[in-house]
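**Q** Sending over work-v6.cif (mmCIF, C-alpha atoms).
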```cif
data_query
loop_
_atom_site.label_atom_id
_atom_site.label_comp_id
_atom_site.auth_asym_id
_atom_site.auth_seq_id
_atom_site.Cartn_x
_atom_site.Cartn_y
_atom_site.Cartn_z
CA MET A 25 -12.07 5.94 13.75
CA ILE A 26 -13.01 2.37 12.87
CA ALA A 27 -10.30 -0.14 12.05
CA VAL A 28 -11.20 -3.11 9.88
CA ILE A 29 -8.64 -5.90 9.62
CA THR A 30 -8.91 -8.43 6.81
CA ALA A 31 -7.94 -11.92 7.96
CA GLY A 32 -9.21 -14.26 5.27
CA GLY A 33 -5.90 -15.20 3.66
CA ARG A 34 -5.14 -18.91 3.39
CA VAL A 35 -1.89 -20.86 3.09
CA ASP A 36 -1.07 -24.47 2.34
CA GLY A 37 1.87 -26.84 1.99
CA PRO A 38 4.91 -26.31 4.26
CA PHE A 39 3.55 -22.97 5.45
CA ALA A 40 0.29 -24.45 6.75
CA GLU A 41 2.13 -27.41 8.25
CA ALA A 42 4.53 -25.12 10.10
CA ILE A 43 1.83 -22.94 11.67
CA GLY A 44 -0.70 -25.72 12.27
CA THR A 45 -3.52 -24.02 10.37
CA GLY A 46 -4.43 -22.83 6.91
CA VAL A 47 -5.34 -19.36 8.20
CA LYS A 48 -2.36 -17.09 7.62
CA ALA A 49 -3.45 -14.50 10.21
CA LEU A 50 -3.01 -17.11 12.97
CA ALA A 51 0.67 -17.67 12.20
CA ARG A 52 2.85 -16.77 15.17
CA ILE A 53 5.89 -14.52 15.26
CA ASP A 54 7.73 -14.13 18.56
CA GLY A 55 4.86 -15.73 20.49
CA ARG A 56 2.08 -13.57 19.03
CA THR A 57 -0.24 -14.19 16.10
CA LEU A 58 -0.17 -11.86 13.13
CA VAL A 59 -3.77 -10.82 13.68
CA ASP A 60 -3.05 -10.01 17.33
CA ALA A 61 -0.22 -7.73 16.23
CA ALA A 62 -2.66 -5.90 13.94
CA ILE A 63 -5.28 -5.57 16.68
CA ASP A 64 -2.75 -4.21 19.19
CA ALA A 65 -1.42 -1.67 16.67
CA ALA A 66 -4.90 -0.47 15.68
CA ARG A 67 -5.99 -0.09 19.29
CA GLY A 68 -2.81 1.73 20.23
CA ALA A 69 -3.14 4.06 17.23
CA GLY A 70 -6.53 5.25 18.40
CA ALA A 71 -9.14 2.98 16.83
CA GLU A 72 -12.38 3.32 18.78
CA ARG A 73 -13.89 0.25 17.18
CA ILE A 74 -12.18 -2.78 15.61
CA ALA A 75 -13.74 -5.31 13.26
CA ILE A 76 -12.16 -8.41 11.75
CA VAL A 77 -13.14 -9.99 8.43
CA GLY A 78 -12.57 -13.72 8.78
CA GLY A 79 -13.94 -17.23 9.14
CA ASP A 80 -14.70 -19.53 12.06
CA GLU A 81 -11.10 -19.89 13.30
CA ILE A 82 -10.67 -16.12 13.34
CA ARG A 83 -13.99 -15.74 15.15
CA THR A 84 -12.88 -18.18 17.85
CA HIS A 85 -9.48 -16.53 18.26
CA CYS A 86 -10.52 -12.88 18.09
CA ALA A 87 -14.12 -12.58 19.34
CA ALA A 88 -13.12 -11.51 22.84
CA ARG A 89 -10.64 -8.91 21.59
CA VAL A 90 -12.61 -7.00 18.97
CA ASP A 91 -15.98 -5.33 18.59
CA GLU A 92 -17.24 -7.21 15.55
CA ILE A 93 -16.46 -10.23 13.40
CA ILE A 94 -17.50 -9.76 9.77
CA GLY A 95 -18.10 -13.12 8.11
CA GLU A 96 -15.78 -13.76 5.19
CA ASP A 97 -16.73 -14.63 1.62
CA VAL A 98 -14.83 -16.85 -0.79
CA GLU A 99 -14.32 -13.79 -3.02
CA GLY A 100 -11.63 -11.41 -1.82
CA ARG A 101 -13.31 -8.38 -3.39
CA GLU A 102 -16.54 -9.14 -1.50
CA ASN A 103 -14.54 -9.19 1.74
CA LEU A 104 -13.15 -5.81 0.72
CA ARG A 105 -16.68 -4.48 0.15
CA ARG A 106 -17.83 -5.71 3.55
CA ALA A 107 -14.82 -4.13 5.23
CA ILE A 108 -15.24 -0.75 3.57
CA CYS A 109 -19.01 -0.59 4.04
CA SER A 110 -18.75 -1.38 7.74
CA ALA A 111 -17.43 2.10 8.54
CA ILE A 112 -20.55 3.92 7.24
CA ASP A 113 -19.83 7.60 8.04
CA ARG A 114 -16.76 7.20 10.24
CA PRO A 115 -13.07 7.46 9.32
CA LEU A 116 -11.84 4.03 8.30
CA LEU A 117 -8.47 2.39 8.71
CA LEU A 118 -8.35 -0.70 6.50
CA MET A 119 -5.55 -3.11 7.41
CA THR A 120 -4.27 -6.50 6.39
CA SER A 121 -3.46 -9.03 9.08
CA ASP A 122 -0.06 -10.15 7.82
CA MET A 123 2.31 -7.40 9.03
CA PRO A 124 4.49 -9.10 11.65
CA PHE A 125 6.38 -6.00 12.76
CA ILE A 126 3.55 -3.46 12.89
CA GLU A 127 3.35 -1.28 16.00
CA ALA A 128 1.06 1.47 17.19
CA GLY A 129 3.62 4.29 16.99
CA PRO A 130 4.40 4.08 13.25
CA LEU A 131 0.73 3.50 12.47
CA ARG A 132 -0.28 6.57 14.48
CA ALA A 133 2.39 8.65 12.72
CA PHE A 134 0.95 7.64 9.33
CA LEU A 135 -2.59 8.51 10.43
CA GLU A 136 -1.51 11.95 11.62
CA ARG A 137 -0.20 12.69 8.12
CA ALA A 138 -3.15 11.04 6.39
CA HIS A 139 -6.11 12.71 8.07
CA ASP A 140 -6.19 15.74 5.71
CA PHE A 141 -6.89 13.49 2.71
CA ASP A 142 -9.76 11.30 1.54
CA VAL A 143 -7.63 8.26 0.73
CA ALA A 144 -4.07 7.71 1.90
CA LEU A 145 -1.56 4.89 1.57
CA PRO A 146 1.85 4.72 3.27
CA LEU A 147 5.07 4.27 1.31
CA ALA A 148 8.59 3.54 2.51
CA SER A 149 11.67 4.34 0.48
CA GLN A 150 13.76 1.50 -0.88
CA SER A 151 16.73 2.55 1.24
CA ALA A 152 14.70 2.60 4.45
CA TYR A 153 12.98 -0.70 3.68
CA GLU A 154 16.16 -2.57 2.82
CA ALA A 155 17.93 -1.12 5.86
CA ALA A 156 15.11 -2.34 8.10
CA TYR A 157 14.86 -5.77 6.48
CA PRO A 158 18.24 -6.62 4.91
CA GLY A 159 18.16 -9.71 2.75
CA SER A 160 14.38 -10.00 2.86
CA PRO A 161 12.35 -11.33 -0.08
CA PRO A 162 11.81 -8.53 -2.63
CA HIS A 163 8.93 -6.15 -2.02
CA VAL A 164 10.13 -2.92 -3.62
CA THR A 165 8.26 -1.51 -6.64
CA ALA A 166 9.55 0.85 -9.31
CA ILE A 167 7.28 3.77 -10.22
CA GLY A 168 9.13 6.01 -12.65
CA ASN A 169 12.30 7.09 -10.89
CA ASP A 170 10.94 6.15 -7.47
CA ARG A 171 11.60 2.81 -5.84
CA VAL A 172 9.28 2.27 -2.91
CA ALA A 173 7.65 -0.37 -0.76
CA ASN A 174 3.90 0.06 -0.58
CA GLY A 175 2.02 -0.17 2.68
CA ASN A 176 -0.65 -2.60 3.76
CA VAL A 177 -2.95 -0.08 5.42
CA VAL A 178 -5.27 2.46 3.81
CA PHE A 179 -6.98 5.44 5.42
CA PHE A 180 -10.39 6.58 4.17
CA SER A 181 -12.08 9.78 5.32
CA PRO A 182 -15.76 9.46 6.35
CA GLY A 183 -17.90 8.21 3.46
CA THR A 184 -15.02 7.98 0.99
CA GLY A 185 -14.70 4.20 1.03
CA GLU A 186 -18.17 3.60 -0.35
CA ARG A 187 -17.74 6.35 -2.98
CA VAL A 188 -14.64 4.70 -4.43
CA LEU A 189 -15.69 1.09 -3.79
CA PRO A 190 -15.97 -0.05 -7.46
CA THR A 191 -12.48 1.29 -8.20
CA ALA A 192 -11.10 -0.18 -4.97
CA GLN A 193 -12.46 -3.60 -5.92
CA ARG A 194 -10.92 -3.44 -9.40
CA LEU A 195 -7.59 -2.44 -7.90
CA PHE A 196 -7.87 -5.34 -5.47
CA ASP A 197 -8.33 -7.75 -8.35
CA ALA A 198 -5.26 -6.29 -10.09
CA ARG A 199 -3.10 -5.89 -7.00
CA LYS A 200 -0.51 -8.53 -7.92
CA SER A 201 0.14 -7.11 -11.41
CA LEU A 202 1.64 -3.68 -12.04
CA TRP A 203 0.55 -3.97 -15.67
CA ARG A 204 -3.10 -4.62 -14.78
CA MET A 205 -3.06 -1.78 -12.27
CA ALA A 206 -1.61 0.58 -14.89
CA VAL A 207 -4.44 -0.32 -17.30
CA LEU A 208 -6.95 0.92 -14.71
CA LEU A 209 -5.29 4.34 -14.71
CA GLY A 210 -6.40 5.16 -18.24
CA PRO A 211 -4.57 5.55 -21.58
CA ALA A 212 -2.46 8.59 -20.68
CA LEU A 213 -1.10 7.12 -17.46
CA LEU A 214 -0.74 3.70 -19.05
CA LEU A 215 1.52 5.24 -21.68
CA ARG A 216 3.60 6.97 -19.01
CA PHE A 217 3.86 3.66 -17.15
CA THR A 218 4.98 1.83 -20.31
CA LEU A 219 7.62 4.51 -20.97
CA ARG A 220 8.74 4.36 -17.31
CA ARG A 221 7.70 7.98 -16.81
CA LEU A 222 4.78 7.42 -14.47
CA ARG A 223 5.14 9.31 -11.20
CA ILE A 224 3.29 8.87 -7.94
CA GLU A 225 2.03 12.44 -8.30
CA ASP A 226 0.41 11.47 -11.63
CA VAL A 227 -1.65 8.81 -9.88
CA GLU A 228 -2.69 11.25 -7.16
CA ARG A 229 -3.90 13.79 -9.74
CA ARG A 230 -5.74 11.07 -11.64
CA ALA A 231 -7.63 10.13 -8.48
CA VAL A 232 -8.77 13.73 -8.06
CA ALA A 233 -9.85 14.02 -11.71
CA VAL A 234 -11.68 10.69 -11.99
CA LEU A 235 -12.89 9.94 -8.47
CA GLY A 236 -13.12 13.42 -7.01
CA VAL A 237 -11.14 12.41 -3.93
CA ARG A 238 -7.97 13.83 -2.43
CA ALA A 239 -5.62 10.87 -2.65
CA ARG A 240 -2.13 10.87 -1.20
CA ALA A 241 0.75 8.45 -1.11
CA VAL A 242 2.32 9.30 2.24
CA ARG A 243 6.05 8.98 1.71
CA ASP A 244 8.78 8.03 4.17
CA CYS A 245 6.56 5.99 6.44
CA SER A 246 7.81 3.16 8.60
CA PRO A 247 8.87 0.03 6.67
CA ALA A 248 6.93 -1.94 9.29
CA LEU A 249 3.73 -0.82 7.53
CA CYS A 250 5.04 -2.30 4.29
CA PHE A 251 6.55 -5.65 5.22
CA ASP A 252 3.90 -8.33 4.86
CA ILE A 253 3.87 -12.10 4.69
CA ASP A 254 2.67 -13.49 1.39
CA THR A 255 4.81 -16.60 1.12
CA TRP A 256 6.55 -19.28 3.13
CA GLU A 257 9.84 -17.48 2.42
CA ASP A 258 8.43 -14.24 3.88
CA TYR A 259 7.36 -16.10 7.01
CA ARG A 260 10.73 -17.80 7.47
CA TYR A 261 12.47 -14.44 7.11
CA ALA A 262 10.18 -12.85 9.69
CA LEU A 263 10.86 -15.69 12.14
CA GLU A 264 14.61 -15.35 11.72
CA ARG A 265 14.55 -11.59 12.11
CA ALA A 266 12.34 -11.77 15.21
CA SER A 267 14.60 -14.35 16.85
CA ALA A 268 17.68 -12.23 16.14
CA ALA A 269 16.18 -9.04 17.58
#
```
Show me, as structure tokens, the structure contained in the file I just sent.

**A**
Amino acid sequence: MIAVITAGGRVDGPFAEAIGTGVKALARIDGRTLVDAAIDAARGAGAERIAIVGGDEIRTHCAARVDEIIGEDVEGRENLRRAICSAIDRPLLLMTSDMPFIEAGPLRAFLERAHDFDVALPLASQSAYEAAYPGSPPHVTAIGNDRVANGNVVFFSPGTGERVLPTAQRLFDARKSLWRMAVLLGPALLLRFTLRRLRIEDVERRAVAVLGVRARAVRDCSPALCFDIDTWEDYRYALERASAA
């Protein structure tokens, strides 16, 4: 299995001032950078090869710890393409570099449940997520009657990433808007979303029908795969929680 970690995210303002860089992946939690946490988890979960998508600062920090540095582009979807295409015909674990509490054990447990599918994404229940991170900035999404936190890792079986690349790029562009993501599902699923009747199983079946891939949302995964740092508030919360542990 190849693990590709995206590390191109930038921050500014108080966040950048606090961490001493504009590269989010180099922010430190409990003495370790976010990207180092991702590398350690991927290696411990069984990745035979690890690549990082990032710029010069990431290259300097990570070159001795990984097998390849993939140069970043200013366009996020191009970085996604480079990450997915790097696996060629090997299983691919695509990860973000902003999960401060990720560990090898929960990641390995997800992969064990994911390997029978072509594309798999971890989900944590609202109750588990809020129990793990009480008082954290909101990250729970409503899908029909389900309230879940979505993960920041995706498993692709060999060759699947390139097959679904155009759809993956469109989803990347729409990732911050549930409405835009629903539009990509087609009229029938869009209507169910609008009526609050869309179920996770509906999305899985749509993936089979349209893309010809076995897609699975792996439920009841560790909340550590779902907590990520998007904002200064997220980072402050992670610092406080780490110091209290």

**Q** Give me, as a VMD selection string, all polymer residues having an atom no more than 9 Å from Pro146 in chain A, counting all atoms listed in the file and skipping those fewer than 2 positions away in the same chain.

**A** chain A and resid 134 138 144 148 173 to 178 240 to 246 249 to 250

**Q** Which polymer residues have any atom within 12 Å of an atom of Gly55 in chain A, counting only C-alpha atoms, with same-chain residues fewer than 3 positions away left out, as JSON, numbers by chain?

**A** {"A": [43, 50, 51, 52, 58, 60, 61, 124, 263, 266, 267]}

**Q** If you apply the PyMOL selection byres ((chain A and resi 75-92) around 7) to this file, what residues do you get, as a list in words?

**A** Ala27, Val28, Ile29, Thr30, Ala31, Gly32, Arg73, Ile74, Ile93, Ile94, Gly95, Glu96, Asn103 and Ala107 of chain A

**Q** Mind checking which residues fall within 7 Å of range 152-160 of chain A, counting only C-alpha atoms, ignoring those fewer than 2 positions away in the same chain, and posting them as a list in words?

**A** Ala148, Ser149, Gln150, Pro162, Ala173, Pro247 and Tyr261 of chain A

**Q** Do you have the CA of Phe180 in chain A-CA of Ile224 in chain A distance handy?

**A**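 Going from CA of Phe180 in chain A over to CA of Ile224 in chain A, I get 18.4 Å.
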
**Q** Which value, in Å to one decimal, gives the distance between CA of Arg67 in chain A and CA of Thr184 in chain A?

**A** 21.9 Å

**Q** Assuming the chain letters and numbering stay as they are in my file, what does the PyMOL selection byres ((chain A and resi 141) around 7) actually select? List them as a list in words.

**A**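 On this input, the PyMOL selection byres ((chain A and resi 141) around 7) captures Ala138, His139, Asp140, Asp142, Val143, Ala144, Ser181, Arg238, Ala239 and Arg240 of chain A.
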
**Q** Please compute the CA of Arg223 in chain A-CA of Gly236 in chain A distance, one decimal, in Å.

**A**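 Rounded to one decimal, the two atoms are 19.2 Å apart.
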
**Q** Specify as a PyMOL selection string each residue included when the PyMOL selection byres ((chain A and resi 48) around 9) is applied to this file.

**A** chain A and resi 31-35+39-40+43+45-47+49-51+58-59+121-122+253-254

**Q** A:Asp54, A:Asp113, A:Asp252, A:Glu41: which is nearest Val164 in chain A, counting only C-alpha atoms?

**A**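 Smallest distance to Val164 in chain A is found for A:Asp252.
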
**Q** Could you list, as a PyMOL selection string, every residue within 10 Å of Gly70 in chain A, counting only C-alpha atoms and ignoring same-chain residues fewer than 4 positions away?

**A** chain A and resi 25-27+65-66+128+131-132+135

**Q** Using only C-alpha atoms, please write the residues we just selected to a file, as a PDB file, keeping the file's coordinate frame.

**A**
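out-v6.pdb, written as the output of this step:
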```
ATOM      1  CA  MET A  25     -12.070   5.940  13.750  1.00  0.00           C
ATOM      2  CA  ILE A  26     -13.010   2.370  12.870  1.00  0.00           C
ATOM      3  CA  ALA A  27     -10.300  -0.140  12.050  1.00  0.00           C
ATOM      4  CA  ALA A  65      -1.420  -1.670  16.670  1.00  0.00           C
ATOM      5  CA  ALA A  66      -4.900  -0.470  15.680  1.00  0.00           C
ATOM      6  CA  ALA A 128       1.060   1.470  17.190  1.00  0.00           C
ATOM      7  CA  LEU A 131       0.730   3.500  12.470  1.00  0.00           C
ATOM      8  CA  ARG A 132      -0.280   6.570  14.480  1.00  0.00           C
ATOM      9  CA  LEU A 135      -2.590   8.510  10.430  1.00  0.00           C
TER      10      LEU A 135
END
```

**Q** For Val232 in chain A, which residue among A:Ile108, A:Arg101, A:Glu257, A:Val188 is the nearest when counting only C-alpha atoms?

**A**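 Result for the nearest residue to Val232 in chain A: A:Val188.
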
**Q** Using all atoms listed in the file, which of the listed residues (A:Val172, A:Ala262, A:Gly183, A:Ser110) sits closest to Ile126 in chain A?

**A**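 With all atoms listed in the file as the atom set, the closest residue is A:Ala262.
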